[in-house]
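Shown below: input13.csv, with CSV, C-alpha atoms.
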chain,number,residue,atom,x,y,z
B,1,MET,CA,79.6,285.1,-3.2
B,2,SER,CA,77.8,287.7,-1.2
B,3,PRO,CA,74.1,288.5,-1.8
B,4,ALA,CA,75.1,292.0,-2.9
B,5,SER,CA,77.5,290.9,-5.5
B,6,ALA,CA,75.3,288.1,-6.6
B,7,GLY,CA,72.3,290.3,-7.0
B,8,ALA,CA,72.8,290.7,-10.8
B,9,ASN,CA,73.5,287.1,-11.3
B,10,ASP,CA,70.7,285.4,-9.5
B,11,SER,CA,67.9,286.6,-11.9
B,12,ASP,CA,68.1,283.3,-13.9
B,13,ASP,CA,67.6,281.3,-10.7
B,14,VAL,CA,64.8,283.7,-9.7
B,15,ARG,CA,63.0,283.1,-13.0
B,16,ALA,CA,63.6,279.4,-12.8
B,17,ALA,CA,62.4,279.1,-9.3
B,18,ALA,CA,59.3,281.2,-10.1
B,19,ALA,CA,58.6,278.6,-12.8
B,20,GLY,CA,58.8,275.8,-10.2
B,21,ASP,CA,62.5,274.8,-10.3
B,22,ARG,CA,63.2,273.7,-6.7
B,23,HIS,CA,67.0,273.4,-7.4
B,24,ALA,CA,67.2,277.0,-8.5
B,25,PHE,CA,65.3,278.0,-5.3
B,26,GLN,CA,67.8,276.0,-3.3
B,27,ARG,CA,70.6,278.0,-4.8
B,28,LEU,CA,68.8,281.2,-3.9
B,29,TYR,CA,68.4,279.9,-0.4
B,30,ARG,CA,72.1,279.2,-0.1
B,31,LEU,CA,72.9,282.6,-1.4
B,32,HIS,CA,70.6,284.7,0.8
B,33,VAL,CA,69.9,282.7,3.9
B,34,SER,CA,72.6,284.4,6.1
B,35,ARG,CA,71.3,287.9,5.5
B,36,VAL,CA,67.7,286.9,6.0
B,37,HIS,CA,68.4,284.8,9.1
B,38,GLY,CA,70.6,287.6,10.6
B,39,ALA,CA,67.8,290.1,10.4
B,40,VAL,CA,65.1,287.6,11.6
B,41,TYR,CA,67.4,286.5,14.5
B,42,ARG,CA,67.7,290.1,15.7
B,43,LEU,CA,64.0,290.8,15.4
B,44,ALA,CA,63.3,287.5,17.2
B,45,GLY,CA,65.2,288.8,20.2
B,46,TYR,CA,68.3,286.6,19.5
B,47,ASP,CA,66.3,283.5,20.0
B,48,HIS,CA,67.9,280.8,17.8
B,49,ALA,CA,65.0,278.4,17.7
B,50,ARG,CA,62.3,281.0,16.9
B,51,ALA,CA,64.5,282.7,14.3
B,52,GLU,CA,65.1,279.4,12.5
B,53,ASP,CA,61.4,278.7,12.4
B,54,LEU,CA,60.8,282.2,11.1
B,55,THR,CA,63.5,281.9,8.5
B,56,GLN,CA,62.1,278.7,7.3
B,57,ASP,CA,58.6,280.2,7.1
B,58,ALA,CA,60.0,283.2,5.2
B,59,PHE,CA,61.5,281.0,2.5
B,60,VAL,CA,58.3,278.9,2.2
B,61,ARG,CA,56.4,282.1,1.7
B,62,ALA,CA,58.9,283.4,-0.7
B,63,TRP,CA,58.5,280.3,-2.8
B,64,GLN,CA,54.7,280.8,-2.7
B,65,LYS,CA,54.9,284.5,-3.7
B,66,LEU,CA,57.7,284.1,-6.2
B,67,PRO,CA,55.4,283.9,-9.3
B,68,GLY,CA,54.2,287.4,-8.3
B,69,PHE,CA,57.7,288.8,-8.0
B,70,ARG,CA,58.0,291.6,-10.5
B,71,HIS,CA,61.7,292.3,-10.5
B,72,GLU,CA,61.1,295.9,-9.5
B,73,SER,CA,63.8,295.4,-6.8
B,74,ALA,CA,66.6,293.0,-6.4
B,75,PHE,CA,65.5,289.6,-5.3
B,76,GLY,CA,67.6,289.8,-2.2
B,77,THR,CA,65.9,293.0,-1.1
B,78,TRP,CA,62.5,291.6,-1.8
B,79,LEU,CA,63.3,288.5,0.2
B,80,TYR,CA,64.8,290.5,3.0
B,81,ARG,CA,61.7,292.6,3.3
B,82,LEU,CA,59.4,289.6,3.1
B,83,ALA,CA,61.4,287.9,5.9
B,84,VAL,CA,61.3,291.0,8.1
B,85,ASN,CA,57.5,291.1,7.5
B,86,VAL,CA,57.3,287.5,8.7
B,87,ALA,CA,59.2,288.3,11.8
B,88,LEU,CA,57.0,291.4,12.5
B,89,MET,CA,53.9,289.4,12.0
B,90,ASP,CA,55.2,287.0,14.6
B,91,ILE,CA,55.8,289.9,17.0
B,92,ARG,CA,52.2,291.1,16.4
B,93,ALA,CA,50.8,287.7,16.9
B,94,ARG,CA,52.7,287.4,20.2
B,95,GLY,CA,51.8,291.0,21.2
B,96,ALA,CA,49.4,289.9,24.0
B,97,ASP,CA,51.9,287.4,25.5
B,98,PRO,CA,52.8,288.9,28.9
B,99,VAL,CA,55.7,286.4,29.3
B,100,SER,CA,57.6,287.9,26.5
B,101,MET,CA,57.0,291.5,27.6
B,102,LEU,CA,59.4,293.5,29.6
B,103,ASP,CA,58.0,296.8,30.7
B,104,ASP,CA,59.7,299.8,32.2
B,105,GLU,CA,58.4,299.0,35.7
B,106,HIS,CA,60.2,295.6,35.7
B,107,LEU,CA,63.5,297.4,35.5
B,108,PRO,CA,65.3,299.1,38.4
B,109,ASP,CA,65.4,302.9,38.2
B,110,THR,CA,69.0,303.6,37.7
B,111,GLY,CA,68.4,307.3,36.9
B,112,THR,CA,69.8,308.6,33.7
B,113,THR,CA,72.2,305.9,32.7
B,114,PRO,CA,74.9,307.2,30.4
B,115,PHE,CA,75.8,305.5,27.1
B,116,CYS,CA,77.9,302.6,28.2
B,117,ALA,CA,80.3,300.3,26.4
B,118,ALA,CA,79.1,296.8,26.2
B,119,GLU,CA,80.4,293.6,24.8
B,120,ARG,CA,78.7,292.5,21.7
B,121,GLU,CA,77.1,289.5,23.4
B,122,GLU,CA,76.0,291.6,26.4
B,123,LEU,CA,74.4,294.1,24.0
B,124,GLU,CA,72.6,291.4,22.1
B,125,ARG,CA,71.3,289.9,25.3
B,126,ALA,CA,70.0,293.2,26.4
B,127,ILE,CA,68.3,293.8,23.1
B,128,GLY,CA,66.7,290.4,23.4
B,129,ARG,CA,65.2,291.4,26.7
B,130,LEU,CA,63.4,294.5,25.3
B,131,PRO,CA,59.6,294.4,24.7
B,132,PRO,CA,59.0,293.0,21.3
B,133,ARG,CA,57.6,296.1,19.5
B,134,ALA,CA,60.2,298.4,21.0
B,135,ARG,CA,62.9,295.9,20.1
B,136,ALA,CA,61.5,295.7,16.6
B,137,VAL,CA,61.8,299.5,16.2
B,138,LEU,CA,65.3,299.6,17.7
B,139,VAL,CA,66.5,296.8,15.5
B,140,LEU,CA,65.0,298.2,12.3
B,141,HIS,CA,66.1,301.7,13.0
B,142,ASP,CA,69.5,301.5,14.8
B,143,ILE,CA,70.7,298.3,13.4
B,144,GLU,CA,69.1,297.7,10.0
B,145,GLY,CA,69.1,301.4,9.1
B,146,TRP,CA,65.4,301.8,8.3
B,147,ARG,CA,63.6,305.2,8.4
B,148,HIS,CA,60.8,305.8,10.8
B,149,GLU,CA,58.4,306.1,7.8
B,150,GLU,CA,59.3,302.6,6.7
B,151,ILE,CA,59.0,301.2,10.2
B,152,GLY,CA,55.7,302.9,10.8
B,153,SER,CA,54.3,301.5,7.5
B,154,GLU,CA,55.5,298.0,8.2
B,155,LEU,CA,54.4,297.9,11.8
B,156,GLY,CA,51.2,299.8,11.2
B,157,MET,CA,52.0,302.7,13.5
B,158,ALA,CA,52.4,306.4,13.1
B,159,VAL,CA,55.8,307.9,12.6
B,160,GLY,CA,55.6,309.6,16.0
B,161,THR,CA,54.8,306.3,17.7
B,162,SER,CA,57.8,304.8,16.0
B,163,LYS,CA,60.0,307.6,17.3
B,164,ALA,CA,58.5,307.2,20.8
B,165,GLN,CA,59.1,303.5,20.7
B,166,LEU,CA,62.7,304.0,19.7
B,167,HIS,CA,63.3,306.5,22.5
B,168,ARG,CA,61.8,304.0,24.9
B,169,ALA,CA,63.8,301.1,23.6
B,170,ARG,CA,67.1,303.1,23.9
B,171,SER,CA,66.2,304.1,27.4
B,172,LEU,CA,65.4,300.6,28.4
B,173,LEU,CA,68.5,299.3,26.7
B,174,ARG,CA,70.7,301.7,28.7
B,175,LYS,CA,68.9,300.7,31.9
B,176,LEU,CA,69.5,297.0,31.1
B,177,LEU,CA,73.2,297.6,30.3
B,178,GLY,CA,73.5,299.7,33.5
B,179,GLU,CA,71.9,296.9,35.4
B,180,SER,CA,74.3,294.3,34.1
B,181,SER,CA,77.4,296.3,34.4
N,1,MET,CA,81.0,306.6,25.3
N,2,ASN,CA,79.3,309.2,23.3
N,3,GLU,CA,76.1,308.7,21.3
N,4,PHE,CA,77.9,308.4,18.0
N,5,GLU,CA,80.0,305.5,19.2
N,6,TRP,CA,76.9,303.9,20.8
N,7,ARG,CA,75.1,304.0,17.5
N,8,ARG,CA,78.1,302.7,15.6
N,9,GLN,CA,78.2,299.8,18.1
N,10,LEU,CA,74.6,299.1,17.4
N,11,ARG,CA,75.1,299.3,13.6
N,12,ASP,CA,77.9,296.9,13.9
N,13,LEU,CA,75.4,294.2,15.0
N,14,ARG,CA,74.1,294.2,11.5
N,15,GLN,CA,75.9,291.0,10.4
N,16,PRO,CA,74.7,288.1,8.3
N,17,LEU,CA,74.3,285.0,10.3
N,18,ALA,CA,73.9,281.5,9.1
N,19,PRO,CA,71.4,279.3,11.0
N,20,ARG,CA,72.9,276.8,13.4
N,21,ARG,CA,71.4,274.0,11.3
N,22,ASP,CA,70.8,273.7,7.6
N,23,LEU,CA,67.1,274.7,7.1
N,24,TRP,CA,66.9,273.6,3.5
N,25,SER,CA,65.7,270.0,4.1
N,26,ALA,CA,62.8,271.3,6.3
N,27,ILE,CA,62.0,274.0,3.7
N,28,ASP,CA,62.2,271.5,0.9
N,29,ALA,CA,59.8,269.2,2.8
N,30,ALA,CA,57.4,272.1,3.4
N,31,LEU,CA,57.5,273.0,-0.3
N,32,GLU,CA,56.8,269.3,-1.2
N,33,ASP,CA,53.8,269.2,1.2
N,34,ALA,CA,52.5,272.5,-0.3
N,35,GLY,CA,52.9,271.1,-3.8
N,36,ARG,CA,51.1,267.9,-3.0
N,37,ALA,CA,48.2,269.7,-1.4
N,38,GLN,CA,48.1,272.0,-4.4
N,39,THR,CA,48.1,269.1,-6.8
N,40,ALA,CA,45.2,267.5,-4.9
N,41,ALA,CA,43.2,270.7,-4.9
N,42,SER,CA,44.0,271.7,-8.6
N,43,PRO,CA,45.9,269.0,-10.6
N,44,ALA,CA,46.1,271.2,-13.7
N,45,SER,CA,48.0,274.1,-12.2
N,46,ARG,CA,51.2,274.6,-10.2
N,47,GLU,CA,50.0,277.8,-8.7
N,48,PRO,CA,47.3,277.2,-6.1
N,49,ARG,CA,47.1,280.7,-4.8
N,50,PRO,CA,45.0,283.2,-6.6
N,51,THR,CA,47.0,286.1,-8.0
N,52,PRO,CA,45.9,289.6,-6.8
N,53,ARG,CA,43.9,290.0,-10.0
N,54,ARG,CA,42.1,286.7,-9.3
N,55,HIS,CA,41.4,287.9,-5.8
N,56,TRP,CA,39.7,290.9,-7.1
N,57,GLN,CA,37.8,289.0,-9.8
N,58,VAL,CA,36.4,286.7,-7.0
N,59,ALA,CA,35.6,289.7,-4.9
N,60,ALA,CA,33.9,291.6,-7.7
N,61,GLY,CA,31.9,288.5,-8.6
N,62,LEU,CA,30.9,288.1,-4.9
N,63,ALA,CA,30.0,291.8,-4.6
N,64,ALA,CA,27.7,291.4,-7.7
N,65,SER,CA,26.1,288.4,-6.1
N,66,LEU,CA,25.6,290.3,-2.9
N,67,LEU,CA,24.0,293.2,-4.7
N,68,LEU,CA,21.7,290.8,-6.5
N,69,ALA,CA,20.7,289.1,-3.2
N,70,GLY,CA,20.3,292.4,-1.5
N,71,GLY,CA,18.1,293.6,-4.3
N,72,ILE,CA,15.9,290.5,-4.1
N,73,GLY,CA,15.5,291.0,-0.4
N,74,TRP,CA,14.6,294.6,-0.8
N,75,ARG,CA,12.0,293.8,-3.5
N,76,VAL,CA,10.4,291.3,-1.1
N,77,LEU,CA,10.3,293.9,1.6
N,78,GLN,CA,8.7,296.4,-0.7
N,79,ALA,CA,5.9,294.0,-1.7
N,80,PRO,CA,3.7,293.4,1.4
N,81,ALA,CA,1.0,291.6,-0.5
N,82,ALA,CA,3.5,288.9,-1.4
N,83,ALA,CA,4.8,288.5,2.2
N,84,PRO,CA,5.2,284.9,3.0
N,85,THR,CA,3.3,283.2,5.8
N,86,ALA,CA,4.8,279.8,5.9
N,87,ALA,CA,7.3,278.7,8.5
N,88,ASN,CA,10.9,278.9,7.8
N,89,THR,CA,13.1,275.8,7.3
N,90,LYS,CA,16.8,275.1,7.6
N,91,SER,CA,18.9,273.9,4.7
N,92,SER,CA,21.9,271.7,5.0
N,93,THR,CA,24.3,274.6,4.5
N,94,GLY,CA,22.4,277.2,6.4
N,95,TRP,CA,19.1,278.9,7.0
N,96,LYS,CA,16.5,278.8,4.2
N,97,PRO,CA,13.0,280.3,4.4
N,98,SER,CA,10.1,278.7,2.7
N,99,ASP,CA,9.1,281.7,0.6
N,100,PRO,CA,10.7,281.1,-2.8
N,101,ARG,CA,11.8,284.7,-3.3
N,102,LEU,CA,13.4,284.9,0.1
N,103,ALA,CA,14.8,281.4,-0.4
N,104,GLY,CA,16.5,282.6,-3.6
N,105,ALA,CA,18.2,285.4,-1.7
N,106,ALA,CA,19.1,283.0,1.1
N,107,ILE,CA,20.7,280.5,-1.3
N,108,GLU,CA,22.6,283.3,-3.0
N,109,LEU,CA,23.9,284.7,0.2
N,110,ASP,CA,24.8,281.2,1.5
N,111,ALA,CA,26.7,280.5,-1.7
N,112,ALA,CA,28.5,283.9,-1.5
N,113,ARG,CA,29.4,283.2,2.1
N,114,MET,CA,30.9,279.8,1.3
N,115,GLU,CA,32.8,281.1,-1.7
N,116,LEU,CA,34.2,283.9,0.5
N,117,GLN,CA,35.2,281.5,3.2
N,118,LEU,CA,37.1,279.4,0.6
N,119,ALA,CA,38.7,282.5,-0.8
N,120,ILE,CA,39.7,283.6,2.7
N,121,ARG,CA,41.3,280.2,3.3
N,122,GLN,CA,43.5,280.9,0.3
N,123,ALA,CA,44.2,284.5,1.2
N,124,PRO,CA,43.8,284.8,5.0
N,125,ASP,CA,45.4,288.2,5.1
N,126,SER,CA,42.8,289.8,2.8
N,127,GLY,CA,40.9,292.5,4.6
N,128,ALA,CA,38.7,293.1,1.6
N,129,LEU,CA,37.5,289.5,1.5
N,130,GLN,CA,36.9,289.6,5.3
N,131,ARG,CA,34.9,292.8,5.0
N,132,LEU,CA,32.8,291.2,2.2
N,133,LEU,CA,32.2,288.1,4.4
N,134,ASP,CA,31.1,290.3,7.3
N,135,ARG,CA,28.7,292.2,5.0
N,136,THR,CA,27.3,288.9,3.7
N,137,GLU,CA,26.7,287.7,7.2
N,138,GLN,CA,25.0,290.9,8.0
N,139,GLN,CA,22.8,290.6,5.0
N,140,GLN,CA,21.9,287.0,6.0
N,141,THR,CA,20.9,288.4,9.4
N,142,GLN,CA,18.8,291.1,7.8
N,143,LEU,CA,17.1,288.5,5.6
N,144,ARG,CA,16.2,286.4,8.6
N,145,GLN,CA,14.7,289.4,10.2
N,146,LEU,CA,12.7,290.1,7.0
N,147,ALA,CA,11.4,286.6,6.9
N,148,HIS,CA,10.6,286.7,10.6
N,149,GLN,CA,8.6,290.0,10.1
N,150,ALA,CA,6.9,288.6,7.0
N,151,GLY,CA,6.1,285.3,8.7
For this file, write the structure as structure tokens.
Amino acid sequence: MSPASAGANDSDDVRAAAAGDRHAFQRLYRLHVSRVHGAVYRLAGYDHARAEDLTQDAFVRAWQKLPGFRHESAFGTWLYRLAVNVALMDIRARGADPVSMLDDEHLPDTGTTPFCAAEREELERAIGRLPPRARAVLVLHDIEGWRHEEIGSELGMAVGTSKAQLHRARSLLRKLLGESS
Amino acid sequence: MNEFEWRRQLRDLRQPLAPRRDLWSAIDAALEDAGRAQTAASPASREPRPTPRRHWQVAAGLAASLLLAGGIGWRVLQAPAAAPTAANTKSSTGWKPSDPRLAGAAIELDAARMELQLAIRQAPDSGALQRLLDRTEQQQTQLRQLAHQAG
């Protein structure tokens, strides 16, 4: 059963888990883990180990925050947002880490690289090499379908900054794909 | 490839993905640890974390304490005849002047600081609690200066 189709049916488990039922929470985990992990994996730059740590952290936090869940949105949506927030907090925490940064000057100047076809794995690898904040904006906007207002709010940046980061991320991505082709 | 196809290609990356290993056992262990820590801290309740309302109750209580302590300090400053002359001493939890009125404010502020530190441990992301802690520490510094001037 997909998270979308299960949305209406998991409310009993949500209530039970909020009351401390670990088995109910395990069922929720089984139902939603793939969606959550997919998003976290992309935000973590396609790093399996880090994404697994973050997914685990997201579910622990979800358990802790579950008593405060007000059923104003679907549980899956609430959980997904919480997990994205965990991944973004990790990016913020690693913001000063120069090892994980890839700036424009580290890339060859290939001029205006056109949009180019890329294999899925090649594309994921290139996204994984983007600077963390630029990658976060690109993943949230171009892959997850978020609006700049939502991204700005979640990342604590102005809408204009989010747009600028997206532009930069796309340019870097084209360069990276041009570099590897 | 045009931009439309490029964006479609990116959007196609939005796929659910199962972790390579089952994370449930690690999550379950983490929940078990959290539950045990919570039981040790508060045996009567499953919920160790203050709800947002409790956060604000704590914060409001602390703010009232701070106002009271600040008021006591201010009154002392406004009463030069009563200025203390004795040397200041240190308490086990922090600085404590020998003048009983200043000492009252110091104890009040010390208690507020410790309560805030405990609250921040439970809610490390709370900016409001952090600001209250900063203000408390500033008031402690001001109280030290007052005692120094008086002494």
Per residue of chain N within 8 Å of chain B, note the shortest atom pair and the distance in Å to one decimal, counting only C-alpha atoms, and order the rows by chain and increasing residue number, as a tab-separated table.
residue	atom	partner	partner_atom	distance
N:Met1	CA	B:Phe115	CA	5.6
N:Asn2	CA	B:Phe115	CA	6.4
N:Glu3	CA	B:Phe115	CA	6.6
N:Trp6	CA	B:Phe115	CA	6.6
N:Arg7	CA	B:Asp142	CA	6.7
N:Leu10	CA	B:Ile143	CA	5.6
N:Arg11	CA	B:Ile143	CA	4.5
N:Asp12	CA	B:Ile143	CA	7.4
N:Leu13	CA	B:Ile143	CA	6.4
N:Arg14	CA	B:Ile143	CA	5.7
N:Gln15	CA	B:Gly38	CA	6.3
N:Pro16	CA	B:Arg35	CA	4.4
N:Leu17	CA	B:Gly38	CA	4.5
N:Ala18	CA	B:Ser34	CA	4.4
N:Pro19	CA	B:Glu52	CA	6.5
N:Arg20	CA	B:His48	CA	7.8
N:Leu23	CA	B:Gln56	CA	6.4
N:Trp24	CA	B:Gln26	CA	7.3
N:Ala26	CA	B:Gln56	CA	7.5
N:Ile27	CA	B:Gln56	CA	5.9
N:Asp28	CA	B:Arg22	CA	8.0
N:Ala30	CA	B:Val60	CA	7.0
N:Leu31	CA	B:Val60	CA	6.5
N:Arg46	CA	B:Gly20	CA	7.7
N:Arg49	CA	B:Gln64	CA	7.9
N:Thr51	CA	B:Gly68	CA	7.3
Next on the checklist: Report, in Å with one decimal, the straight-line distance from atom CA of Glu154 of chain B to atom CA of Ala87 of chain B.
Outcome noted: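 Taking atom CA of Glu154 of chain B and atom CA of Ala87 of chain B, their separation equals 11.0 Å.
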Item to check | Which residue of N:Asp33, N:Leu146, N:Glu5, N:Gln140 approaches Ile107 of chain N most closely, using only C-alpha atoms | outcome: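 When distances to Ile107 of chain N are compared using only C-alpha atoms, the smallest one comes from N:Gln140.
Between atom CA of Ile91 of chain B and atom CA of Pro132 of chain B the interatomic distance comes to 6.2 Å.
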Checklist entry - Can you list, as a count of residues only, every protein, DNA or RNA residue that comes within 10 Å of Ala134 of chain B when you count all atoms listed in the file, leaving out same-chain residues fewer than 2 positions away? => result 20
Dump N, CA and C atoms of segment 100-112 of chain N from the given block, as a tab-separated table (two decimals), in the first residue's frame.
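Listed below is the output, result04.tsv:
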chain	number	residue	atom	x	y	z
N	100	PRO	N	22.25	40.94	52.24
N	100	PRO	CA	21.11	40.03	52.09
N	100	PRO	C	20.17	40.40	50.95
N	101	ARG	N	20.03	41.71	50.67
N	101	ARG	CA	19.11	42.08	49.59
N	101	ARG	C	19.70	41.71	48.23
N	102	LEU	N	20.98	41.98	48.07
N	102	LEU	CA	21.63	41.58	46.83
N	102	LEU	C	21.70	40.06	46.73
N	103	ALA	N	21.93	39.43	47.89
N	103	ALA	CA	22.02	37.97	47.89
N	103	ALA	C	20.70	37.35	47.43
N	104	GLY	N	19.59	37.96	47.85
N	104	GLY	CA	18.28	37.46	47.43
N	104	GLY	C	18.14	37.50	45.91
N	105	ALA	N	18.55	38.64	45.36
N	105	ALA	CA	18.46	38.78	43.90
N	105	ALA	C	19.39	37.78	43.21
N	106	ALA	N	20.59	37.60	43.81
N	106	ALA	CA	21.56	36.68	43.20
N	106	ALA	C	21.02	35.25	43.21
N	107	ILE	N	20.41	34.86	44.33
N	107	ILE	CA	19.85	33.50	44.42
N	107	ILE	C	18.72	33.32	43.40
N	108	GLU	N	17.90	34.36	43.33
N	108	GLU	CA	16.77	34.33	42.39
N	108	GLU	C	17.27	34.15	40.95
N	109	LEU	N	18.29	34.95	40.62
N	109	LEU	CA	18.83	34.88	39.26
N	109	LEU	C	19.52	33.55	39.01
N	110	ASP	N	20.22	33.06	40.02
N	110	ASP	CA	20.92	31.79	39.89
N	110	ASP	C	19.91	30.66	39.64
N	111	ALA	N	18.82	30.71	40.40
N	111	ALA	CA	17.79	29.67	40.24
N	111	ALA	C	17.16	29.77	38.85
N	112	ALA	N	16.91	31.01	38.42
N	112	ALA	CA	16.32	31.20	37.10
N	112	ALA	C	17.25	30.67	36.02
